[in-house]
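What's in entry-v8.cif: mmCIF, N, CA and C atoms
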```
data_work
#
loop_
_atom_site.label_atom_id
_atom_site.label_comp_id
_atom_site.auth_asym_id
_atom_site.auth_seq_id
_atom_site.Cartn_x
_atom_site.Cartn_y
_atom_site.Cartn_z
N MET G 1123 -82.77 -236.94 184.86
CA MET G 1123 -83.26 -236.51 183.57
C MET G 1123 -82.06 -236.31 182.66
N GLY G 1124 -82.07 -236.97 181.52
CA GLY G 1124 -80.97 -236.87 180.58
C GLY G 1124 -81.06 -235.59 179.76
N PHE G 1125 -80.01 -235.35 179.02
CA PHE G 1125 -79.96 -234.13 178.20
C PHE G 1125 -81.06 -234.12 177.15
N ASP G 1126 -81.33 -235.27 176.52
CA ASP G 1126 -82.38 -235.33 175.49
C ASP G 1126 -83.75 -235.02 176.09
N ASP G 1127 -84.01 -235.58 177.28
CA ASP G 1127 -85.28 -235.31 177.94
C ASP G 1127 -85.42 -233.83 178.29
N LEU G 1128 -84.35 -233.24 178.78
CA LEU G 1128 -84.36 -231.82 179.12
C LEU G 1128 -84.57 -230.97 177.87
N ALA G 1129 -83.91 -231.32 176.76
CA ALA G 1129 -84.07 -230.57 175.51
C ALA G 1129 -85.50 -230.67 175.01
N ARG G 1130 -86.11 -231.85 175.07
CA ARG G 1130 -87.51 -232.00 174.63
C ARG G 1130 -88.44 -231.18 175.52
N HIS G 1131 -88.17 -231.22 176.82
CA HIS G 1131 -89.00 -230.47 177.76
C HIS G 1131 -88.91 -228.96 177.49
N MET G 1132 -87.71 -228.45 177.30
CA MET G 1132 -87.52 -227.01 177.06
C MET G 1132 -88.13 -226.61 175.71
N ALA G 1133 -87.97 -227.44 174.69
CA ALA G 1133 -88.53 -227.13 173.37
C ALA G 1133 -90.05 -227.16 173.43
N GLY G 1134 -90.62 -228.11 174.14
CA GLY G 1134 -92.08 -228.19 174.27
C GLY G 1134 -92.64 -227.03 175.06
N ARG G 1135 -91.90 -226.55 176.02
CA ARG G 1135 -92.36 -225.42 176.83
C ARG G 1135 -92.45 -224.14 176.01
N ASP G 1136 -91.51 -223.97 175.07
CA ASP G 1136 -91.49 -222.76 174.24
C ASP G 1136 -92.26 -222.93 172.94
N ASN G 1137 -92.96 -224.04 172.78
CA ASN G 1137 -93.70 -224.35 171.55
C ASN G 1137 -92.80 -224.35 170.33
N LYS G 1138 -91.62 -224.86 170.48
CA LYS G 1138 -90.68 -224.97 169.36
C LYS G 1138 -90.40 -226.44 169.12
N LYS G 1139 -90.21 -226.75 167.85
CA LYS G 1139 -89.92 -228.15 167.54
C LYS G 1139 -88.44 -228.43 167.77
N LEU G 1140 -88.20 -229.62 168.19
CA LEU G 1140 -86.84 -230.07 168.40
C LEU G 1140 -86.23 -230.43 167.05
N SER G 1141 -84.99 -230.24 166.89
CA SER G 1141 -84.33 -230.53 165.62
C SER G 1141 -84.53 -231.99 165.24
N THR G 1142 -84.91 -232.19 163.98
CA THR G 1142 -85.12 -233.55 163.48
C THR G 1142 -83.99 -233.97 162.56
N ALA G 1143 -82.85 -233.34 162.71
CA ALA G 1143 -81.71 -233.65 161.84
C ALA G 1143 -81.23 -235.07 162.10
N THR G 1144 -80.97 -235.75 160.99
CA THR G 1144 -80.48 -237.12 161.11
C THR G 1144 -78.96 -237.20 161.00
N SER G 1145 -78.36 -236.10 160.54
CA SER G 1145 -76.90 -236.10 160.42
C SER G 1145 -76.36 -234.77 160.94
N ALA G 1146 -75.08 -234.75 161.11
CA ALA G 1146 -74.43 -233.53 161.61
C ALA G 1146 -74.53 -232.40 160.59
N ASP G 1147 -74.49 -232.75 159.30
CA ASP G 1147 -74.60 -231.72 158.25
C ASP G 1147 -75.95 -231.03 158.29
N GLN G 1148 -77.01 -231.79 158.50
CA GLN G 1148 -78.34 -231.19 158.59
C GLN G 1148 -78.46 -230.31 159.84
N LEU G 1149 -77.88 -230.77 160.92
CA LEU G 1149 -77.91 -229.99 162.15
C LEU G 1149 -77.17 -228.66 161.97
N VAL G 1150 -76.02 -228.70 161.31
CA VAL G 1150 -75.26 -227.48 161.05
C VAL G 1150 -76.05 -226.56 160.12
N ALA G 1151 -76.73 -227.11 159.11
CA ALA G 1151 -77.53 -226.29 158.19
C ALA G 1151 -78.68 -225.63 158.93
N GLU G 1152 -79.35 -226.36 159.84
CA GLU G 1152 -80.43 -225.76 160.64
C GLU G 1152 -79.89 -224.66 161.54
N ALA G 1153 -78.73 -224.88 162.14
CA ALA G 1153 -78.13 -223.87 163.01
C ALA G 1153 -77.74 -222.63 162.21
N ALA G 1154 -77.23 -222.83 161.00
CA ALA G 1154 -76.86 -221.68 160.16
C ALA G 1154 -78.08 -220.88 159.76
N GLU G 1155 -79.18 -221.55 159.45
CA GLU G 1155 -80.42 -220.84 159.09
C GLU G 1155 -80.96 -220.06 160.29
N ALA G 1156 -80.91 -220.66 161.47
CA ALA G 1156 -81.36 -219.96 162.68
C ALA G 1156 -80.47 -218.75 162.95
N ASP G 1157 -79.17 -218.89 162.73
CA ASP G 1157 -78.25 -217.77 162.92
C ASP G 1157 -78.56 -216.64 161.94
N ARG G 1158 -78.81 -216.97 160.68
CA ARG G 1158 -79.16 -215.94 159.69
C ARG G 1158 -80.45 -215.22 160.07
N ARG G 1159 -81.43 -215.98 160.52
CA ARG G 1159 -82.71 -215.39 160.91
C ARG G 1159 -82.54 -214.44 162.10
N LEU G 1160 -81.78 -214.88 163.11
CA LEU G 1160 -81.57 -214.04 164.29
C LEU G 1160 -80.72 -212.82 163.97
N THR G 1161 -79.73 -212.97 163.10
CA THR G 1161 -78.90 -211.83 162.69
C THR G 1161 -79.74 -210.80 161.95
N ARG G 1162 -80.59 -211.26 161.06
CA ARG G 1162 -81.48 -210.36 160.33
C ARG G 1162 -82.39 -209.60 161.29
N GLN G 1163 -82.96 -210.32 162.26
CA GLN G 1163 -83.83 -209.68 163.23
C GLN G 1163 -83.07 -208.67 164.08
N ARG G 1164 -81.87 -209.02 164.50
CA ARG G 1164 -81.05 -208.11 165.31
C ARG G 1164 -80.70 -206.85 164.53
N ASN G 1165 -80.36 -207.01 163.24
CA ASN G 1165 -80.03 -205.85 162.41
C ASN G 1165 -81.23 -204.94 162.23
N LEU G 1166 -82.42 -205.52 162.07
CA LEU G 1166 -83.61 -204.70 161.87
C LEU G 1166 -84.08 -204.02 163.15
N ILE G 1167 -83.64 -204.49 164.29
CA ILE G 1167 -83.98 -203.83 165.55
C ILE G 1167 -82.91 -202.82 165.93
N LEU G 1168 -81.65 -203.23 165.86
CA LEU G 1168 -80.55 -202.37 166.30
C LEU G 1168 -80.36 -201.16 165.39
N GLY G 1169 -80.56 -201.33 164.09
CA GLY G 1169 -80.35 -200.24 163.14
C GLY G 1169 -81.19 -199.00 163.45
N PRO G 1170 -82.53 -199.14 163.49
CA PRO G 1170 -83.35 -197.96 163.80
C PRO G 1170 -83.09 -197.37 165.19
N VAL G 1171 -82.75 -198.23 166.15
CA VAL G 1171 -82.44 -197.72 167.49
C VAL G 1171 -81.19 -196.83 167.43
N LEU G 1172 -80.16 -197.27 166.71
CA LEU G 1172 -78.96 -196.45 166.57
C LEU G 1172 -79.24 -195.15 165.83
N ILE G 1173 -80.08 -195.20 164.81
CA ILE G 1173 -80.42 -193.97 164.07
C ILE G 1173 -81.12 -192.98 164.98
N VAL G 1174 -82.10 -193.44 165.74
CA VAL G 1174 -82.85 -192.55 166.63
C VAL G 1174 -81.93 -191.98 167.71
N CYS G 1175 -81.08 -192.82 168.29
CA CYS G 1175 -80.16 -192.33 169.33
C CYS G 1175 -79.16 -191.33 168.76
N GLY G 1176 -78.62 -191.60 167.58
CA GLY G 1176 -77.67 -190.67 166.96
C GLY G 1176 -78.30 -189.33 166.63
N VAL G 1177 -79.52 -189.36 166.07
CA VAL G 1177 -80.20 -188.10 165.73
C VAL G 1177 -80.55 -187.34 167.01
N THR G 1178 -81.01 -188.04 168.02
CA THR G 1178 -81.34 -187.37 169.29
C THR G 1178 -80.11 -186.75 169.91
N PHE G 1179 -79.01 -187.47 169.91
CA PHE G 1179 -77.76 -186.94 170.46
C PHE G 1179 -77.29 -185.73 169.65
N GLY G 1180 -77.42 -185.79 168.34
CA GLY G 1180 -77.05 -184.65 167.49
C GLY G 1180 -77.90 -183.43 167.77
N VAL G 1181 -79.19 -183.64 167.96
CA VAL G 1181 -80.09 -182.51 168.27
C VAL G 1181 -79.74 -181.90 169.62
N LEU G 1182 -79.44 -182.75 170.59
CA LEU G 1182 -79.03 -182.22 171.91
C LEU G 1182 -77.74 -181.41 171.81
N LEU G 1183 -76.80 -181.89 170.99
CA LEU G 1183 -75.56 -181.13 170.79
C LEU G 1183 -75.86 -179.79 170.11
N TYR G 1184 -76.76 -179.81 169.14
CA TYR G 1184 -77.12 -178.56 168.45
C TYR G 1184 -77.68 -177.55 169.44
N PHE G 1185 -78.60 -177.99 170.29
CA PHE G 1185 -79.17 -177.06 171.26
C PHE G 1185 -78.14 -176.58 172.27
N PHE G 1186 -77.21 -177.45 172.64
CA PHE G 1186 -76.14 -177.05 173.55
C PHE G 1186 -75.26 -175.98 172.91
N TYR G 1187 -74.87 -176.20 171.65
CA TYR G 1187 -74.03 -175.22 170.95
C TYR G 1187 -74.80 -173.93 170.70
N ALA G 1188 -76.07 -174.02 170.40
CA ALA G 1188 -76.87 -172.82 170.17
C ALA G 1188 -76.99 -171.99 171.45
N SER G 1189 -77.14 -172.66 172.58
CA SER G 1189 -77.24 -171.91 173.84
C SER G 1189 -75.90 -171.26 174.19
N GLN G 1190 -74.80 -171.94 173.87
CA GLN G 1190 -73.49 -171.35 174.13
C GLN G 1190 -73.25 -170.15 173.22
N SER G 1191 -73.60 -170.27 171.96
CA SER G 1191 -73.37 -169.14 171.06
C SER G 1191 -74.29 -167.97 171.40
N HIS G 1192 -75.49 -168.27 171.88
CA HIS G 1192 -76.39 -167.20 172.30
C HIS G 1192 -75.82 -166.48 173.52
N ALA G 1193 -75.22 -167.23 174.42
CA ALA G 1193 -74.62 -166.60 175.60
C ALA G 1193 -73.40 -165.78 175.21
N LEU G 1194 -72.68 -166.16 174.16
CA LEU G 1194 -71.51 -165.40 173.72
C LEU G 1194 -71.90 -164.09 173.04
N SER G 1195 -73.13 -164.02 172.56
CA SER G 1195 -73.54 -162.78 171.91
C SER G 1195 -73.71 -161.65 172.92
N ARG G 1196 -73.83 -161.99 174.18
CA ARG G 1196 -73.90 -160.99 175.25
C ARG G 1196 -72.67 -161.15 176.13
N PRO G 1197 -71.58 -160.44 175.84
CA PRO G 1197 -70.35 -160.60 176.62
C PRO G 1197 -70.57 -160.28 178.10
N ASP G 1198 -69.93 -161.05 178.90
CA ASP G 1198 -70.02 -160.89 180.34
C ASP G 1198 -68.61 -160.85 180.91
N PRO G 1199 -68.25 -159.78 181.57
CA PRO G 1199 -66.88 -159.68 182.09
C PRO G 1199 -66.61 -160.66 183.23
N ARG G 1200 -67.65 -161.28 183.79
CA ARG G 1200 -67.45 -162.18 184.92
C ARG G 1200 -66.99 -163.58 184.50
N ASN G 1201 -67.17 -163.95 183.21
CA ASN G 1201 -66.68 -165.26 182.79
C ASN G 1201 -65.74 -165.09 181.60
N ASP G 1202 -65.19 -166.18 181.12
CA ASP G 1202 -64.15 -166.09 180.10
C ASP G 1202 -64.68 -165.98 178.68
N ASN G 1203 -65.97 -166.06 178.46
CA ASN G 1203 -66.60 -165.90 177.14
C ASN G 1203 -65.98 -166.80 176.08
N THR G 1204 -65.85 -168.06 176.39
CA THR G 1204 -65.35 -169.02 175.41
C THR G 1204 -66.43 -170.05 175.13
N MET G 1205 -66.33 -170.61 173.94
CA MET G 1205 -67.29 -171.65 173.55
C MET G 1205 -66.54 -172.97 173.45
N TYR G 1206 -67.10 -174.00 174.04
CA TYR G 1206 -66.47 -175.30 174.06
C TYR G 1206 -67.16 -176.23 173.07
N TYR G 1207 -66.36 -176.87 172.23
CA TYR G 1207 -66.87 -177.86 171.28
C TYR G 1207 -66.42 -179.23 171.72
N SER G 1208 -67.24 -180.21 171.45
CA SER G 1208 -66.86 -181.60 171.71
C SER G 1208 -66.85 -182.34 170.38
N ILE G 1209 -65.67 -182.41 169.80
CA ILE G 1209 -65.53 -183.07 168.52
C ILE G 1209 -65.87 -184.56 168.66
N SER G 1210 -65.47 -185.17 169.74
CA SER G 1210 -65.75 -186.59 169.92
C SER G 1210 -67.25 -186.86 170.02
N ALA G 1211 -68.00 -185.96 170.65
CA ALA G 1211 -69.46 -186.13 170.73
C ALA G 1211 -70.09 -185.99 169.35
N GLU G 1212 -69.59 -185.06 168.54
CA GLU G 1212 -70.12 -184.90 167.19
C GLU G 1212 -69.82 -186.14 166.34
N VAL G 1213 -68.61 -186.65 166.46
CA VAL G 1213 -68.23 -187.85 165.72
C VAL G 1213 -69.08 -189.04 166.18
N LEU G 1214 -69.32 -189.14 167.48
CA LEU G 1214 -70.15 -190.22 168.00
C LEU G 1214 -71.56 -190.16 167.44
N ALA G 1215 -72.15 -188.98 167.41
CA ALA G 1215 -73.51 -188.84 166.88
C ALA G 1215 -73.58 -189.23 165.41
N VAL G 1216 -72.63 -188.76 164.62
CA VAL G 1216 -72.61 -189.10 163.19
C VAL G 1216 -72.35 -190.59 163.00
N ALA G 1217 -71.44 -191.15 163.78
CA ALA G 1217 -71.13 -192.57 163.66
C ALA G 1217 -72.32 -193.45 164.04
N MET G 1218 -73.09 -193.02 165.02
CA MET G 1218 -74.28 -193.79 165.39
C MET G 1218 -75.30 -193.81 164.26
N VAL G 1219 -75.48 -192.68 163.61
CA VAL G 1219 -76.43 -192.63 162.50
C VAL G 1219 -75.92 -193.49 161.34
N ILE G 1220 -74.65 -193.38 161.02
CA ILE G 1220 -74.09 -194.18 159.91
C ILE G 1220 -74.18 -195.68 160.22
N ALA G 1221 -73.83 -196.06 161.43
CA ALA G 1221 -73.90 -197.48 161.81
C ALA G 1221 -75.34 -197.97 161.79
N GLY G 1222 -76.27 -197.13 162.21
CA GLY G 1222 -77.68 -197.50 162.19
C GLY G 1222 -78.20 -197.71 160.78
N VAL G 1223 -77.80 -196.83 159.87
CA VAL G 1223 -78.22 -196.98 158.47
C VAL G 1223 -77.63 -198.26 157.88
N ARG G 1224 -76.36 -198.53 158.19
CA ARG G 1224 -75.72 -199.76 157.67
C ARG G 1224 -76.41 -201.01 158.20
N GLN G 1225 -76.72 -201.02 159.51
CA GLN G 1225 -77.40 -202.18 160.10
C GLN G 1225 -78.79 -202.37 159.49
N THR G 1226 -79.52 -201.28 159.32
CA THR G 1226 -80.86 -201.37 158.76
C THR G 1226 -80.81 -201.88 157.32
N LEU G 1227 -79.91 -201.33 156.53
CA LEU G 1227 -79.79 -201.78 155.13
C LEU G 1227 -79.37 -203.24 155.06
N ARG G 1228 -78.47 -203.65 155.94
CA ARG G 1228 -78.04 -205.03 155.96
C ARG G 1228 -79.20 -205.97 156.32
N GLY G 1229 -80.02 -205.55 157.29
CA GLY G 1229 -81.18 -206.35 157.65
C GLY G 1229 -82.22 -206.41 156.54
N LEU G 1230 -82.46 -205.29 155.87
CA LEU G 1230 -83.42 -205.27 154.76
C LEU G 1230 -82.91 -206.10 153.59
N ARG G 1231 -81.63 -206.02 153.31
CA ARG G 1231 -81.06 -206.79 152.22
C ARG G 1231 -81.15 -208.30 152.53
N ALA G 1232 -80.92 -208.67 153.76
CA ALA G 1232 -81.02 -210.09 154.15
C ALA G 1232 -82.46 -210.56 154.08
N ARG G 1233 -83.40 -209.67 154.35
CA ARG G 1233 -84.81 -210.04 154.28
C ARG G 1233 -85.24 -210.30 152.85
N GLN G 1234 -84.72 -209.53 151.90
CA GLN G 1234 -85.07 -209.72 150.50
C GLN G 1234 -84.46 -210.99 149.95
N ILE G 1235 -83.25 -211.30 150.39
CA ILE G 1235 -82.58 -212.51 149.89
C ILE G 1235 -83.25 -213.75 150.47
N GLY G 1236 -83.51 -213.72 151.79
CA GLY G 1236 -84.06 -214.89 152.47
C GLY G 1236 -85.50 -214.96 152.30
#
```
Spell out the structure here as structure tokens.
Amino acid sequence: MGFDDLARHMAGRDNKKLSTATSADQLVAEAAEADRRLTRQRNLILGPVLIVCGVTFGVLLYFFYASQSHALSRPDPRNDNTMYYSISAEVLAVAMVIAGVRQTLRGLRARQIG
């Protein structure tokens, strides 16, 4: 089975049409359009997922810090009574939300243009 036969078979199996480009320029234009479409779809999926994960992580950090500060309000001589902050975790949560918003806006903007 040659490559063309295999490509027709795979395209027919997925109910997709095989490229009908007659020149390399048309083939490149079809590939660029498919890339734009897939990038837009990826941005619209990844963006909200990052926003939800960042907000969830931020809420978990808030509850962790709240429980630590609540424990500090009742001094205990058996432990050192210190509160630990994770600056990197806070930066990660904020960065996830910012990246998610950027991805979502980029996907929405591409949808309006295309």
Practice prompt. Enter the distance from atom CA of G:Val1219 to atom C of G:Gly1176, in Å, rounded to one decimal.
Written response: 5.6 Å
Practice prompt. Quick one: everything within 5 Å of G:Asn1165, counting all atoms listed in the file, minus sequence neighbours fewer than 2 positions away in the same chain. Send it as a list of chain:residue names.
Written response: G:Thr1161, G:Arg1162, G:Gln1163, G:Ile1167, G:Leu1168, G:Gly1169, G:Gln1225, G:Thr1226, G:Gly1229
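Atom CA of G:Ala1221 is found 26.2 Å from atom CA of G:Ala1188.
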Worksheet item: Do you have the atom CA of G:Pro1170-atom N of G:Leu1227 distance handy?
Response: 8.7 Å
Discussion item. Residues within 7 Å of G:Gly1180, please, as a PyMOL selection string. Count all atoms listed in the file; anything in the same chain fewer than 6 positions from it doesn't count.
Written reply: chain G and resi 1212+1215-1216
Fill in: Nearest to G:Arg1231 by atom-to-atom distance, counting only C-alpha atoms, from G:His1192, G:Arg1158, G:Met1218, G:Phe1179
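Going through G:His1192, G:Arg1158, G:Met1218, G:Phe1179 one by one, the smallest distance to G:Arg1231 is for G:Arg1158.
Summary of the local environment: counting all atoms listed in the file, residues at most 7 Å from G:Arg1228, other than itself and those fewer than 4 positions away along its chain, are Arg1162, Asn1165, Leu1166, Val1223, Arg1224, Ala1232 and Arg1233 of chain G.
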